[in-house]
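Colleague: Sharing a structure with you now.
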Amino acid sequence: MLTRAGTIALRALVELARHPNSSISGPELANRQNLPAPMLEKLLLQLRRAGLVEATRGRNGGYLLKVPPHELALQAVLNAVGGWRQPRLAQFAPVDAKAAASAGEQLEMQLQQRLLRAMEREMAGLSLAELLYDQRSWEATLDPDRGLMLG
């Protein structure tokens with residue numbers, strides 16, 4: 001599951017991806033995405049250390065993506081900021097060949113493990129560019145002047 005840190009980092013990076021040639025300051029990123037500035041600054045530092053963003057100082061300083069959005073897997077972002085918490089899998093007693101319930105418990109545990117692996121594969125295959133596309137799609141549908149006209 002996503003942590004708060006993961007959500008904040010992803011929203012900030014989507015904002016940076018929207019403006020690939022513009023350096024955006026931490027406070028400006030926080031303002032644009034309505035994010036807590038102190039936490040965002042800590043996360044941007046972690047993202048910089050992971051090589052996902054670059055920072056420039058000075059009056060026109062700020063942050064830029066270091067990796068193109070289509071090459072930046074969400075899993076890399078979440079790993080950089082501790083933004084993914086694996087759900088706790090049910091723990092069952094060792095298999096008892098005599099108990100039918102034991103087989104059911106093992107089946108449930110196996111299913112949970114398969115679902116967790118599927119989520120991990122999805123995060124590894126999903127790029128920041130896809131999130132940006134999704135956000136732009138939502139913005140278009142929510143904006144009455146640019147949205148789809150049905151009916």
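By convention in this document, the chains of the structure tokens carry letters A, B, ... by their order, each chain's residues are numbered from 1, and ligands are numbered from 1 in the order they are shown.
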Which residues are close to region 18-28 of chain A, i.e. within 8 Å by only C-alpha atoms, leaving aside same-chain residues fewer than 4 positions away? Reply as a list of chain:residue names.
Modeller: A:Val14, A:Arg32, A:Ala37, A:Leu40, A:Glu41, A:Leu44, A:Thr56, A:Asn60, A:Gly61, A:Gly62, A:Tyr63, A:Leu64, A:Leu65, A:Leu132
Colleague: Based on DSSP run over this structure's backbone, return all residues of region 3-148 of chain A in alpha helix (DSSP H), as a VMD selection string.
Modeller: chain A and resid 4 to 18 26 to 33 37 to 49 74 to 81 100 to 125 128 to 142
Colleague: So what do you get for CA of Glu15 (chain A) versus CA of Ala30 (chain A), distance-wise?
Modeller: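 Interatomic distance here is 9.8 Å.
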Colleague: Any idea what the distance is between CA of Arg121 (chain A) and CA of Trp84 (chain A)?
Modeller: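 Atom-to-atom, CA of Arg121 (chain A) to CA of Trp84 (chain A), that is 13.1 Å.
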Colleague: Can you measure CA of Pro36 (chain A) to CA of Pro144 (chain A) for me? One decimal in Å is fine.
Modeller: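 Calculated distance between CA of Pro36 (chain A) and CA of Pro144 (chain A) is 28.7 Å.
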Colleague: Taking the DSSP assignment computed from this structure's backbone, write out as a PyMOL selection string all residues of chain A that belong to strand (DSSP E).
Modeller: chain A and resi 53-56+62-65
Colleague: Would you put the residues from that selection into a file with all heavy atoms, as a short mmCIF file (atom, residue, chain, number, x, y, z; two decimals), in the first residue's frame?
Modeller:
data_model
loop_
_atom_site.label_atom_id
_atom_site.label_comp_id
_atom_site.auth_asym_id
_atom_site.auth_seq_id
_atom_site.Cartn_x
_atom_site.Cartn_y
_atom_site.Cartn_z
N VAL A 53 15.83 13.28 -9.13
CA VAL A 53 15.66 14.71 -9.40
C VAL A 53 17.01 15.39 -9.21
O VAL A 53 17.90 14.87 -8.55
CB VAL A 53 14.60 15.39 -8.49
CG1 VAL A 53 13.24 14.79 -8.69
CG2 VAL A 53 15.02 15.36 -7.03
N GLU A 54 17.15 16.55 -9.82
CA GLU A 54 18.33 17.36 -9.58
C GLU A 54 17.88 18.69 -9.01
O GLU A 54 16.79 19.18 -9.34
CB GLU A 54 19.18 17.54 -10.83
CG GLU A 54 18.49 18.19 -12.00
CD GLU A 54 19.39 18.26 -13.21
OE1 GLU A 54 19.56 17.22 -13.87
OE2 GLU A 54 19.92 19.35 -13.49
N ALA A 55 18.71 19.25 -8.16
CA ALA A 55 18.38 20.51 -7.50
C ALA A 55 19.39 21.57 -7.89
O ALA A 55 20.58 21.29 -8.02
CB ALA A 55 18.39 20.32 -5.99
N THR A 56 18.89 22.77 -8.10
CA THR A 56 19.76 23.92 -8.34
C THR A 56 19.43 24.97 -7.30
O THR A 56 18.26 25.14 -6.91
CB THR A 56 19.56 24.49 -9.76
OG1 THR A 56 18.17 24.79 -9.96
CG2 THR A 56 20.01 23.53 -10.82
N GLY A 62 15.62 25.37 -8.05
CA GLY A 62 14.48 24.50 -7.82
C GLY A 62 14.84 23.08 -8.21
O GLY A 62 16.00 22.69 -8.21
N TYR A 63 13.83 22.33 -8.56
CA TYR A 63 14.00 20.91 -8.87
C TYR A 63 13.56 20.62 -10.29
O TYR A 63 12.61 21.21 -10.81
CB TYR A 63 13.17 20.06 -7.90
CG TYR A 63 13.65 20.18 -6.48
CD1 TYR A 63 13.11 21.13 -5.62
CD2 TYR A 63 14.65 19.34 -6.00
CE1 TYR A 63 13.57 21.24 -4.31
CE2 TYR A 63 15.11 19.44 -4.70
CZ TYR A 63 14.56 20.40 -3.86
OH TYR A 63 15.02 20.50 -2.57
N LEU A 64 14.27 19.67 -10.89
CA LEU A 64 13.96 19.15 -12.22
C LEU A 64 14.04 17.63 -12.16
O LEU A 64 14.82 17.08 -11.38
CB LEU A 64 15.00 19.61 -13.25
CG LEU A 64 15.00 21.06 -13.70
CD1 LEU A 64 16.31 21.37 -14.43
CD2 LEU A 64 13.82 21.31 -14.62
N LEU A 65 13.27 16.98 -13.00
CA LEU A 65 13.41 15.52 -13.12
C LEU A 65 14.75 15.22 -13.76
O LEU A 65 15.15 15.87 -14.73
CB LEU A 65 12.30 14.94 -13.99
CG LEU A 65 10.93 14.80 -13.38
CD1 LEU A 65 9.96 14.23 -14.41
CD2 LEU A 65 10.96 13.94 -12.14
#
Colleague: Can you tell me which residues surround Gln86 (chain A) at a distance of at most 12 Å, considering only C-alpha atoms, apart from same-chain residues fewer than 4 positions away, and format the answer as a VMD selection string?
Modeller: chain A and resid 1 to 3 78 to 79 82 112 to 113 115 to 117 119 to 120
Colleague: Determine the nearest neighbour of Leu47 (chain A) from the options A:Ala140, A:Ala17, A:Ala76, A:Leu29, counting only C-alpha atoms.
Modeller: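 Ranking A:Ala140, A:Ala17, A:Ala76, A:Leu29 by distance to Leu47 (chain A), first place goes to A:Ala76.
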Colleague: Which one of A:Val77, A:Leu52, A:Leu16, A:Ile8 sits closest to Leu35 (chain A) if you count only C-alpha atoms?
Modeller: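 Between A:Val77, A:Leu52, A:Leu16, A:Ile8, the residue approaching Leu35 (chain A) most closely is A:Ile8.
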